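*Asks:* Dumping the structure here so I can ask a few things about it.
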Amino acid sequence: MFDEIPLARPATPLLDSVNYPVDLRQLDMAQLPELARQLREFLLYAVGQTGGHFGAGLGVVELTIALHYVFETPNDRLVWDVGHQSYPHKILTGRRERMLGMRQADGLAPFNSRAESDYDTFGVGHSSTSVSAGLGMMLAAQQQKIDRKVVAVIGDGAMTAGMAFEALNHAGGIDNDLLVILNDNNMSISRNIGALSSYFARMWASKPYNFLRAGSKKVLSAMPPMWNAAHRAEEYLKGMVSPATIFEELGFTYFGLIDGHDIKGMVDILRDIRHLKGPRILHVITRKGKGYRPAEADPFGMHALNKMVAQVEQTNTSQDDTPTYSAVFGDWLCEVAGSDSRLMAITPAMGEGSGMRQFEAQFPERFFDVAIAEQHAVTFAAGLACEGLKPVVAIYSTFLQRGYDQLIHDVALQNLDVLFAIDRAGLVGEDGPTHAGSFDLSYLRCIPNMVVMVPSDENEARQLLYTGYQHQGPAAVRYPRGKATGCPLDATLTQVPIGKARVVRKGGNIVMLVFGTLLQAAQTAADQLDATLVDMRFVKPLDEELLLQLAAGARLWVTVEENTIKGGAGSAVNEFLMNRNLAVSVLNIGLPDAFLGHGKPQDLRSSCGLDADGILASIRNRLTLQQ
């Protein structure tokens with residue numbers, strides 16, 4: 001058990017001898033517990049150097065070792081869900097030393113990436129994809145007549161998504177040999193772990209039992225009364241010690257519950273079930289944060305870790321009390337809920353990250369964490385709105401993509417009164433392209449009835465959230481991850497007229513139209529160019545009256561947004577000019593047509609020309625071309 005994150009690299013001689021799983025498979029079984037201890041300590045050290053998710057990874061150390069010990073990876077396909085739990089997998093698959101550069105520019109990705117390693121069989125970012133992907137790989141092997149095992153690892157949280165059950169339903173109904181590992185680290189499905197359940201799990205996995213079960217089914221199927229009695233007896237026995245019923249009804253053979261930290265037991269049962277036929281599910285109980293006492297005590301708070309620095313550096317660092325945009329949203333939510341009992345708050349498993357814990361404590365009966373079920377979250381909100389309540393859906397930009405059909409059909413088409421508070425808009429930095437909110441302006445503004453707002457600072461965020469809340473119909477407010485600007489907050493919440501922009505600076509014949517929190521960087525460029533600067537506030541509807549006024553005598557319009565240029569806010573301005581037949585030269589500045597890698601947010605913005613220097617350089621280059 002570790003109580004602290006090691007700041008100095010620990011001694012890990014056994015781990016250092018394992019560069020790839022082929023080396024792991026040369027070890028004696030008796031060496032595996034020590035390997036697990038060293039792997040866990042190195043993981044703590046590595047994540048302490050880089051920051052990142054580590055609680056889930058600590059919980060699957062033994063499981064990861066056992067899987068690579070038993071299966072012939074990478075020929076056998078190991079498909080991890082999400083990626084939070086795959087850091088031990090990275091360490092054991094040739095990337096131990098590169099872990100110290102994880103999440104940094106040109107370093108290892110924070111999630112699995114097919115471009116990074118042959119052992120990363122499927123790229124992951126959003127959860128609940130492993131069963132679908134694993135089934136595809138299993139059937140591909142069958143079609144190509146390749147002798148290959150496929151294992152999909154999915155967490156109990158990810159199992160709440162409808163996509164996971166769609167895949168289980170498909171897999172259970174066709175001839176395939178997929179093995180699904182259910183990593184239950186929250187005991188949310190069952191608490192029946194112990195000697196009895198482990199004994200029965202081993203019994204069900206044994207070759208004699210499965211031989212007798214298969215044989216008896218053939219014999220007894222000709223005698224319906226005896227077959228029904230035997231089937232009921234088996235189900236009764238299994239129901240006493242495991243939650244097998246739901247999975248077996250889907251067509252899976254169920255094995256569990258298994259202690260996921262008993263490495264010998266894990267290896268034994270994986271060897272037993274490796275060659276069994278048909279879809280199988282192994283239910284493993286693990287402890288999130290296993291081996292690190294603070295993470296075991298607070299698995300939610302220690303889900304991820306910021307980069308550790310030496311104590312002397314921490315002492316010399318001034319305290320920054322600037323709130324995050326998520327915290328500003330959480331405070332606004334509580335403030336409005338205190339005066340309006342109709343407000344209902346919804347999140348798909350992102351309550352902590354979205355700043356909603358205070359609301360949950362104050363208004364528990366009005367807080368709904370629907371788990372990893374983005375589609376349900378959106379339609380659930382629509383149902384609440386149908387009955388006159390005021391739902392607020394707090395959701396990350398990249399996760400709202402999963403509820404897009406519901407956003408269109410269930411909310412916008414019916415013009416229902418739902419407010420979407422879209423967190424993590426724009427570049428999120430170290431989490432990389434799977435979590436970047438690069439597309440929300442593009443996919444939102446094309447939907448009829450939607451009002452789309454882009455605050456430039458935290459005070460504007462409060463006012464626009466209030467505006468969207470009071471608006472009758474679907475509305476969205478998008479804001480970035482991390483610290484806000486530190487600007488003062490108005491004491492009173494005031495509705496902003498829908499579609500009205502704000503002129504920040506009056507200047508010459510260059511007009512800068514800024515959508516969102518890049519306003520500060522753009523203002524630096526505007527000051528040097530003596531440009532007119534506008535905080536647009538709204539992507540949909542645009543302030544057409546103001547734009548018509550600004551078009552007169554303009555030499556160049558510049559749109560600035562932290563969204564892909566394709567179909568984004570700048571495209572909305574272009575469409576306006578074309579529809580009004582206005583001859584104005586336009587420069588669109590935003591994210592390129594590419595998936596950007598991981599790194600510090602400010603470095604990524606700089607590489608895209610979205611800092612003050614980049615914006616200024618782009619404008620000057622365009623002015624040169626116009627001469």
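In the structure tokens, the first chain shown is A, the next is B, and so on; residue numbers restart at 1 for each chain, and ligands run from 1 in the order shown.
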Pick out the residues sitting within 7 Å of region 461-474 of chain A, and hand them over as a ChimeraX atom specification; count only C-alpha atoms, and ignore anything fewer than 3 positions along from it in its own chain.

*Replies:* /A:332,411-412,415-419,449-451,453,455,457-458,477,493-496

*Asks:* Residues of the last selection are to be written out with C-alpha atoms, as a tab-separated table (two decimals), in the first residue's frame.

*Replies:*
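Final output, result18.tsv:
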chain	number	residue	atom	x	y	z
A	332	TRP	CA	-25.02	29.97	-11.49
A	411	VAL	CA	-35.58	18.53	-28.56
A	412	ALA	CA	-35.20	20.89	-31.52
A	415	ASN	CA	-38.97	23.20	-30.00
A	416	LEU	CA	-38.68	22.13	-26.37
A	417	ASP	CA	-37.36	24.34	-23.62
A	418	VAL	CA	-34.00	22.69	-22.85
A	419	LEU	CA	-30.77	24.52	-22.04
A	449	ASN	CA	-34.89	26.38	-33.50
A	450	MET	CA	-31.49	26.34	-31.77
A	451	VAL	CA	-30.02	29.43	-30.12
A	453	MET	CA	-24.25	31.36	-27.53
A	455	PRO	CA	-19.52	33.88	-23.94
A	457	ASP	CA	-15.59	35.52	-20.20
A	458	GLU	CA	-17.20	34.20	-17.01
A	477	VAL	CA	-24.05	27.98	-24.17
A	493	LEU	CA	-28.48	38.23	-13.71
A	494	THR	CA	-29.84	40.00	-16.78
A	495	GLN	CA	-31.22	38.65	-20.03
A	496	VAL	CA	-29.23	39.61	-23.11

*Asks:* Need the shell around Ala337 (chain A): protein/DNA/RNA residues with any atom at most 12 Å away, counting only C-alpha atoms. Skip same-chain ones fewer than 3 positions apart. Format as a list in words?

*Replies:* Gly330, Asp331, Trp332, Leu333, Cys334, Asp340, Ser341, Arg342, Leu343, Met344, Ala345, Gln358, Phe359, Glu360, Gln362, Phe363, Pro364, Glu365, Arg366, Phe367, Leu389, Lys390, Pro391, Val392, Tyr466 and Tyr469 of chain A

*Asks:* Save out the residues we just selected, C-alpha atoms, as a compact mmCIF listing (two decimals), in the first residue's frame.

*Replies:*
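Contents of result18.txt, freshly written:
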# COMPACT_ATOMS: atom_id res chain seq x y z
CA GLY A 330 -22.16 25.37 -10.90
CA ASP A 331 -22.62 28.59 -8.88
CA TRP A 332 -25.02 29.97 -11.49
CA LEU A 333 -27.01 26.72 -11.42
CA CYS A 334 -27.48 26.92 -7.65
CA ASP A 340 -37.01 28.69 -9.62
CA SER A 341 -38.22 25.28 -8.51
CA ARG A 342 -38.73 24.22 -12.12
CA LEU A 343 -34.98 23.92 -12.77
CA MET A 344 -33.80 20.33 -13.16
CA ALA A 345 -30.11 19.54 -13.67
CA GLN A 358 -22.77 21.77 -4.84
CA PHE A 359 -26.08 21.65 -6.70
CA GLU A 360 -26.39 17.93 -5.99
CA GLN A 362 -28.38 21.48 -2.14
CA PHE A 363 -31.04 20.10 -4.50
CA PRO A 364 -30.64 16.30 -4.52
CA GLU A 365 -34.21 15.70 -5.68
CA ARG A 366 -33.59 17.92 -8.74
CA PHE A 367 -30.21 16.46 -9.74
CA LEU A 389 -40.09 21.89 -16.13
CA LYS A 390 -36.84 23.66 -17.05
CA PRO A 391 -34.09 21.08 -17.65
CA VAL A 392 -30.44 22.12 -17.87
CA TYR A 466 -29.48 33.02 -17.77
CA TYR A 469 -32.59 29.54 -19.45

*Asks:* Going by DSSP on the backbone, which bits of region 348-501 of chain A are strand (DSSP E or B)? Write them as a list of chain:residue names, please.

*Replies:* A:Phe367, A:Phe368, A:Asp369, A:Lys390, A:Pro391, A:Val392, A:Val393, A:Ala394, A:Ile395, A:Tyr396, A:Leu419, A:Phe420, A:Ala421, A:Ile422, A:Asp423, A:Gly426, A:Gly437, A:Val451, A:Val452, A:Met453, A:Ala475, A:Ala476, A:Val477, A:Arg478, A:Lys483

*Asks:* Looking at only C-alpha atoms, which of A:Leu518, A:Leu582, A:Met356, A:Val558 is the one that sits closest to Thr532 (chain A)?

*Replies:*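 Comparing A:Leu518, A:Leu582, A:Met356, A:Val558 against Thr532 (chain A), the winner is A:Val558.
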
*Asks:* Could you pull out the alpha helix (DSSP H) residues of region 309-469 of chain A from DSSP and send them as an MDAnalysis selection string?

*Replies:* chainID A and resid 311:316 325:337 357:362 374:386 397:400 404:406 440:445 458:469

*Asks:* Name the residues in contact with Ile91 (chain A) at a cut-off of 10 Å, using only C-alpha atoms, excluding same-chain residues fewer than 3 positions from it; report them as a PyMOL selection string.

*Replies:* chain A and resi 15-16+18-20+39+42-43+46+86-88+94-99

*Asks:* Report as a short mmCIF file (atom, residue, chain, number, x, y, z; two decimals) with N, CA and C atoms, in the first residue's frame all protein, DNA and RNA residues lying within 6 Å of Ala425 (chain A), evaluated on only C-alpha atoms, omitting residues in the same chain fewer than 6 positions from it.

*Replies:*
data_model
loop_
_atom_site.label_atom_id
_atom_site.label_comp_id
_atom_site.auth_asym_id
_atom_site.auth_seq_id
_atom_site.Cartn_x
_atom_site.Cartn_y
_atom_site.Cartn_z
N SER A 397 -18.68 19.05 -24.70
CA SER A 397 -18.89 19.22 -26.14
C SER A 397 -18.72 17.90 -26.90
N GLY A 437 -13.37 19.79 -27.95
CA GLY A 437 -14.69 20.23 -28.40
C GLY A 437 -14.57 21.08 -29.65
N ARG A 478 -21.76 27.51 -24.83
CA ARG A 478 -20.51 26.72 -24.81
C ARG A 478 -19.38 27.54 -24.20
N TYR A 479 -18.59 26.85 -23.38
CA TYR A 479 -17.48 27.49 -22.70
C TYR A 479 -16.33 26.49 -22.54
N PRO A 480 -15.12 26.98 -22.33
CA PRO A 480 -13.97 26.09 -22.36
C PRO A 480 -13.67 25.43 -21.02
#

*Asks:* Considering only C-alpha atoms, can you say which of A:Lys600, A:Arg580, A:Lys149, A:Lys540 comes closest to Pro74 (chain A)?

*Replies:*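 Of all the options, A:Lys149 lies closest to Pro74 (chain A).
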
*Asks:* Within 8 Å of region 137-142 of chain A, counting only C-alpha atoms, which residues qualify if same-chain residues fewer than 4 places away don't, as a VMD selection string?

*Replies:* chain A and resid 77 133 146 to 150 176 to 178

*Asks:* Could you write out that same residue set with all heavy atoms as a PDB file, in the first residue's frame?

*Replies:*
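Output below, filename out.pdb:
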ATOM      1  N   ARG A  77      -6.446 -10.310 -29.778  1.00  0.00           N
ATOM      2  CA  ARG A  77      -6.820  -8.904 -29.689  1.00  0.00           C
ATOM      3  C   ARG A  77      -7.356  -8.580 -28.295  1.00  0.00           C
ATOM      4  O   ARG A  77      -8.295  -9.220 -27.823  1.00  0.00           O
ATOM      5  CB  ARG A  77      -7.878  -8.558 -30.729  1.00  0.00           C
ATOM      6  CG  ARG A  77      -7.514  -8.895 -32.163  1.00  0.00           C
ATOM      7  CD  ARG A  77      -6.210  -8.269 -32.591  1.00  0.00           C
ATOM      8  NE  ARG A  77      -6.069  -8.252 -34.038  1.00  0.00           N
ATOM      9  CZ  ARG A  77      -4.920  -8.267 -34.685  1.00  0.00           C
ATOM     10  NH1 ARG A  77      -3.780  -8.302 -34.007  1.00  0.00           N
ATOM     11  NH2 ARG A  77      -4.882  -8.232 -36.006  1.00  0.00           N
ATOM     12  N   ALA A 133     -16.480  -3.116 -30.940  1.00  0.00           N
ATOM     13  CA  ALA A 133     -15.249  -3.260 -31.700  1.00  0.00           C
ATOM     14  C   ALA A 133     -14.707  -4.679 -31.594  1.00  0.00           C
ATOM     15  O   ALA A 133     -14.255  -5.263 -32.586  1.00  0.00           O
ATOM     16  CB  ALA A 133     -14.209  -2.259 -31.212  1.00  0.00           C
ATOM     17  N   ILE A 146      -8.799 -17.097 -39.232  1.00  0.00           N
ATOM     18  CA  ILE A 146      -7.614 -16.851 -38.425  1.00  0.00           C
ATOM     19  C   ILE A 146      -7.887 -17.335 -37.009  1.00  0.00           C
ATOM     20  O   ILE A 146      -8.929 -17.026 -36.423  1.00  0.00           O
ATOM     21  CB  ILE A 146      -7.261 -15.349 -38.405  1.00  0.00           C
ATOM     22  CG1 ILE A 146      -6.936 -14.856 -39.819  1.00  0.00           C
ATOM     23  CG2 ILE A 146      -6.082 -15.074 -37.458  1.00  0.00           C
ATOM     24  CD1 ILE A 146      -6.737 -13.353 -39.900  1.00  0.00           C
ATOM     25  N   ASP A 147      -6.946 -18.110 -36.467  1.00  0.00           N
ATOM     26  CA  ASP A 147      -7.074 -18.597 -35.104  1.00  0.00           C
ATOM     27  C   ASP A 147      -6.672 -17.474 -34.161  1.00  0.00           C
ATOM     28  O   ASP A 147      -5.487 -17.208 -33.957  1.00  0.00           O
ATOM     29  CB  ASP A 147      -6.175 -19.824 -34.881  1.00  0.00           C
ATOM     30  CG  ASP A 147      -6.341 -20.395 -33.480  1.00  0.00           C
ATOM     31  OD1 ASP A 147      -7.315 -20.031 -32.798  1.00  0.00           O
ATOM     32  OD2 ASP A 147      -5.479 -21.203 -33.049  1.00  0.00           O
ATOM     33  N   ARG A 148      -7.652 -16.809 -33.603  1.00  0.00           N
ATOM     34  CA  ARG A 148      -7.371 -15.624 -32.803  1.00  0.00           C
ATOM     35  C   ARG A 148      -8.427 -15.486 -31.713  1.00  0.00           C
ATOM     36  O   ARG A 148      -9.614 -15.702 -31.953  1.00  0.00           O
ATOM     37  CB  ARG A 148      -7.375 -14.382 -33.686  1.00  0.00           C
ATOM     38  CG  ARG A 148      -7.312 -13.042 -32.947  1.00  0.00           C
ATOM     39  CD  ARG A 148      -7.238 -11.890 -33.930  1.00  0.00           C
ATOM     40  NE  ARG A 148      -5.956 -11.920 -34.638  1.00  0.00           N
ATOM     41  CZ  ARG A 148      -5.792 -11.497 -35.888  1.00  0.00           C
ATOM     42  NH1 ARG A 148      -6.836 -11.037 -36.568  1.00  0.00           N
ATOM     43  NH2 ARG A 148      -4.601 -11.540 -36.451  1.00  0.00           N
ATOM     44  N   LYS A 149      -7.987 -15.147 -30.524  1.00  0.00           N
ATOM     45  CA  LYS A 149      -8.905 -14.847 -29.434  1.00  0.00           C
ATOM     46  C   LYS A 149      -9.104 -13.331 -29.354  1.00  0.00           C
ATOM     47  O   LYS A 149      -8.188 -12.563 -29.637  1.00  0.00           O
ATOM     48  CB  LYS A 149      -8.356 -15.354 -28.100  1.00  0.00           C
ATOM     49  CG  LYS A 149      -7.904 -16.808 -28.115  1.00  0.00           C
ATOM     50  CD  LYS A 149      -9.031 -17.746 -28.492  1.00  0.00           C
ATOM     51  CE  LYS A 149      -8.539 -19.190 -28.495  1.00  0.00           C
ATOM     52  NZ  LYS A 149      -9.599 -20.119 -28.978  1.00  0.00           N
ATOM     53  N   VAL A 150     -10.288 -12.911 -28.956  1.00  0.00           N
ATOM     54  CA  VAL A 150     -10.584 -11.494 -28.800  1.00  0.00           C
ATOM     55  C   VAL A 150     -11.197 -11.277 -27.424  1.00  0.00           C
ATOM     56  O   VAL A 150     -12.149 -11.958 -27.042  1.00  0.00           O
ATOM     57  CB  VAL A 150     -11.545 -10.976 -29.887  1.00  0.00           C
ATOM     58  CG1 VAL A 150     -11.860  -9.506 -29.660  1.00  0.00           C
ATOM     59  CG2 VAL A 150     -10.955 -11.192 -31.273  1.00  0.00           C
ATOM     60  N   ASN A 176     -20.120 -16.738 -32.171  1.00  0.00           N
ATOM     61  CA  ASN A 176     -18.816 -16.104 -32.038  1.00  0.00           C
ATOM     62  C   ASN A 176     -18.220 -16.497 -30.699  1.00  0.00           C
ATOM     63  O   ASN A 176     -18.921 -16.966 -29.804  1.00  0.00           O
ATOM     64  CB  ASN A 176     -18.926 -14.586 -32.153  1.00  0.00           C
ATOM     65  CG  ASN A 176     -19.513 -13.949 -30.914  1.00  0.00           C
ATOM     66  OD1 ASN A 176     -18.787 -13.510 -30.036  1.00  0.00           O
ATOM     67  ND2 ASN A 176     -20.851 -13.913 -30.819  1.00  0.00           N
ATOM     68  N   ASP A 177     -16.921 -16.280 -30.541  1.00  0.00           N
ATOM     69  CA  ASP A 177     -16.220 -16.684 -29.322  1.00  0.00           C
ATOM     70  C   ASP A 177     -15.681 -15.483 -28.537  1.00  0.00           C
ATOM     71  O   ASP A 177     -14.619 -15.552 -27.907  1.00  0.00           O
ATOM     72  CB  ASP A 177     -15.056 -17.629 -29.668  1.00  0.00           C
ATOM     73  CG  ASP A 177     -15.541 -18.915 -30.321  1.00  0.00           C
ATOM     74  OD1 ASP A 177     -16.670 -19.341 -30.022  1.00  0.00           O
ATOM     75  OD2 ASP A 177     -14.796 -19.479 -31.142  1.00  0.00           O
ATOM     76  N   LEU A 178     -16.390 -14.385 -28.581  1.00  0.00           N
ATOM     77  CA  LEU A 178     -15.943 -13.186 -27.899  1.00  0.00           C
ATOM     78  C   LEU A 178     -15.952 -13.383 -26.382  1.00  0.00           C
ATOM     79  O   LEU A 178     -16.904 -13.917 -25.821  1.00  0.00           O
ATOM     80  CB  LEU A 178     -16.861 -12.010 -28.263  1.00  0.00           C
ATOM     81  CG  LEU A 178     -16.565 -10.664 -27.587  1.00  0.00           C
ATOM     82  CD1 LEU A 178     -15.250 -10.086 -28.102  1.00  0.00           C
ATOM     83  CD2 LEU A 178     -17.715  -9.679 -27.844  1.00  0.00           C
TER      84      LEU A 178
END

*Asks:* Please compute the CA of Asp613 (chain A)-CA of Asn563 (chain A) distance, one decimal, in Å.

*Replies:* 18.4 Å

*Asks:* Set the distance at 10 Å and use only C-alpha atoms: which residues neighbour His435 (chain A) once local chain neighbours fewer than 5 positions away are removed? I'd like the list as a PyMOL selection string.

*Replies:* chain A and resi 125-126+396-399+424-430+598

*Asks:* Since we have the selection now, will you write its residues out, keeping N, CA and C atoms, as a JSON list (two decimals), in the first residue's frame?

*Replies:*
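Ended up saving to again-v8.json:
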[["chain", "number", "residue", "atom", "x", "y", "z"],
["A", 125, "GLY", "N", -11.70, 6.86, -26.78],
["A", 125, "GLY", "CA", -11.82, 8.16, -26.13],
["A", 125, "GLY", "C", -13.15, 8.19, -25.41],
["A", 126, "HIS", "N", -14.22, 8.03, -26.16],
["A", 126, "HIS", "CA", -15.54, 7.85, -25.56],
["A", 126, "HIS", "C", -15.68, 6.42, -25.07],
["A", 396, "TYR", "N", -20.23, 17.67, -21.80],
["A", 396, "TYR", "CA", -19.04, 18.07, -22.53],
["A", 396, "TYR", "C", -19.34, 18.13, -24.02],
["A", 397, "SER", "N", -18.68, 19.05, -24.70],
["A", 397, "SER", "CA", -18.89, 19.22, -26.14],
["A", 397, "SER", "C", -18.72, 17.90, -26.90],
["A", 398, "THR", "N", -17.65, 17.20, -26.61],
["A", 398, "THR", "CA", -17.37, 15.97, -27.35],
["A", 398, "THR", "C", -18.37, 14.87, -27.04],
["A", 399, "PHE", "N", -19.00, 14.91, -25.84],
["A", 399, "PHE", "CA", -19.97, 13.88, -25.49],
["A", 399, "PHE", "C", -21.37, 14.19, -26.03],
["A", 424, "ARG", "N", -16.04, 22.13, -21.80],
["A", 424, "ARG", "CA", -14.90, 21.59, -22.57],
["A", 424, "ARG", "C", -15.02, 21.92, -24.05],
["A", 425, "ALA", "N", -15.54, 23.09, -24.38],
["A", 425, "ALA", "CA", -15.60, 23.52, -25.77],
["A", 425, "ALA", "C", -14.22, 23.98, -26.22],
["A", 426, "GLY", "N", -13.89, 23.72, -27.46],
["A", 426, "GLY", "CA", -12.58, 24.09, -27.98],
["A", 426, "GLY", "C", -11.52, 23.09, -27.59],
["A", 427, "LEU", "N", -10.27, 23.52, -27.58],
["A", 427, "LEU", "CA", -9.14, 22.63, -27.31],
["A", 427, "LEU", "C", -9.03, 22.34, -25.81],
["A", 428, "VAL", "N", -8.88, 21.07, -25.48],
["A", 428, "VAL", "CA", -8.79, 20.69, -24.07],
["A", 428, "VAL", "C", -7.37, 20.33, -23.66],
["A", 429, "GLY", "N", -6.43, 20.33, -24.60],
["A", 429, "GLY", "CA", -5.03, 20.15, -24.23],
["A", 429, "GLY", "C", -4.62, 18.70, -24.13],
["A", 430, "GLU", "N", -4.17, 18.30, -22.94],
["A", 430, "GLU", "CA", -3.49, 17.02, -22.77],
["A", 430, "GLU", "C", -4.36, 15.81, -23.06],
["A", 598, "HIS", "N", -2.25, 16.01, -28.71],
["A", 598, "HIS", "CA", -2.34, 16.44, -27.32],
["A", 598, "HIS", "C", -1.13, 17.31, -26.97]]

*Asks:* Which value, in Å to one decimal, gives the distance between CA of Gly486 (chain A) and CA of Ala526 (chain A)?

*Replies:* 21.2 Å

*Asks:* Go ahead and compute the interatomic distance for CA of Pro592 (chain A) and CA of Ala572 (chain A), in Å to one decimal.

*Replies:* 16.6 Å

*Asks:* For Asp156 (chain A), list every protein, DNA or RNA residue within 7 Å, evaluated using only C-alpha atoms, and leave out those in the same chain fewer than 6 positions away; present the list as a list of chain:residue names.

*Replies:*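 Once the nearby chain positions are removed, what remains is A:Leu182, A:Asn183, A:Asp184, A:Asn185.
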
*Asks:* Could you check the closest approach to Ala105 (chain A) for each of A:Thr73, A:Thr50, A:Thr322, A:Ser442 and tell me which residue wins, using only C-alpha atoms?

*Replies:* A:Thr50

*Asks:* Between A:Asp272, A:Glu62, A:Asp321, A:Asp440, which residue has the minimum interatomic distance to Arg40 (chain A), considering only C-alpha atoms?

*Replies:*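 Counting only C-alpha atoms, the residue closest to Arg40 (chain A) is A:Glu62.
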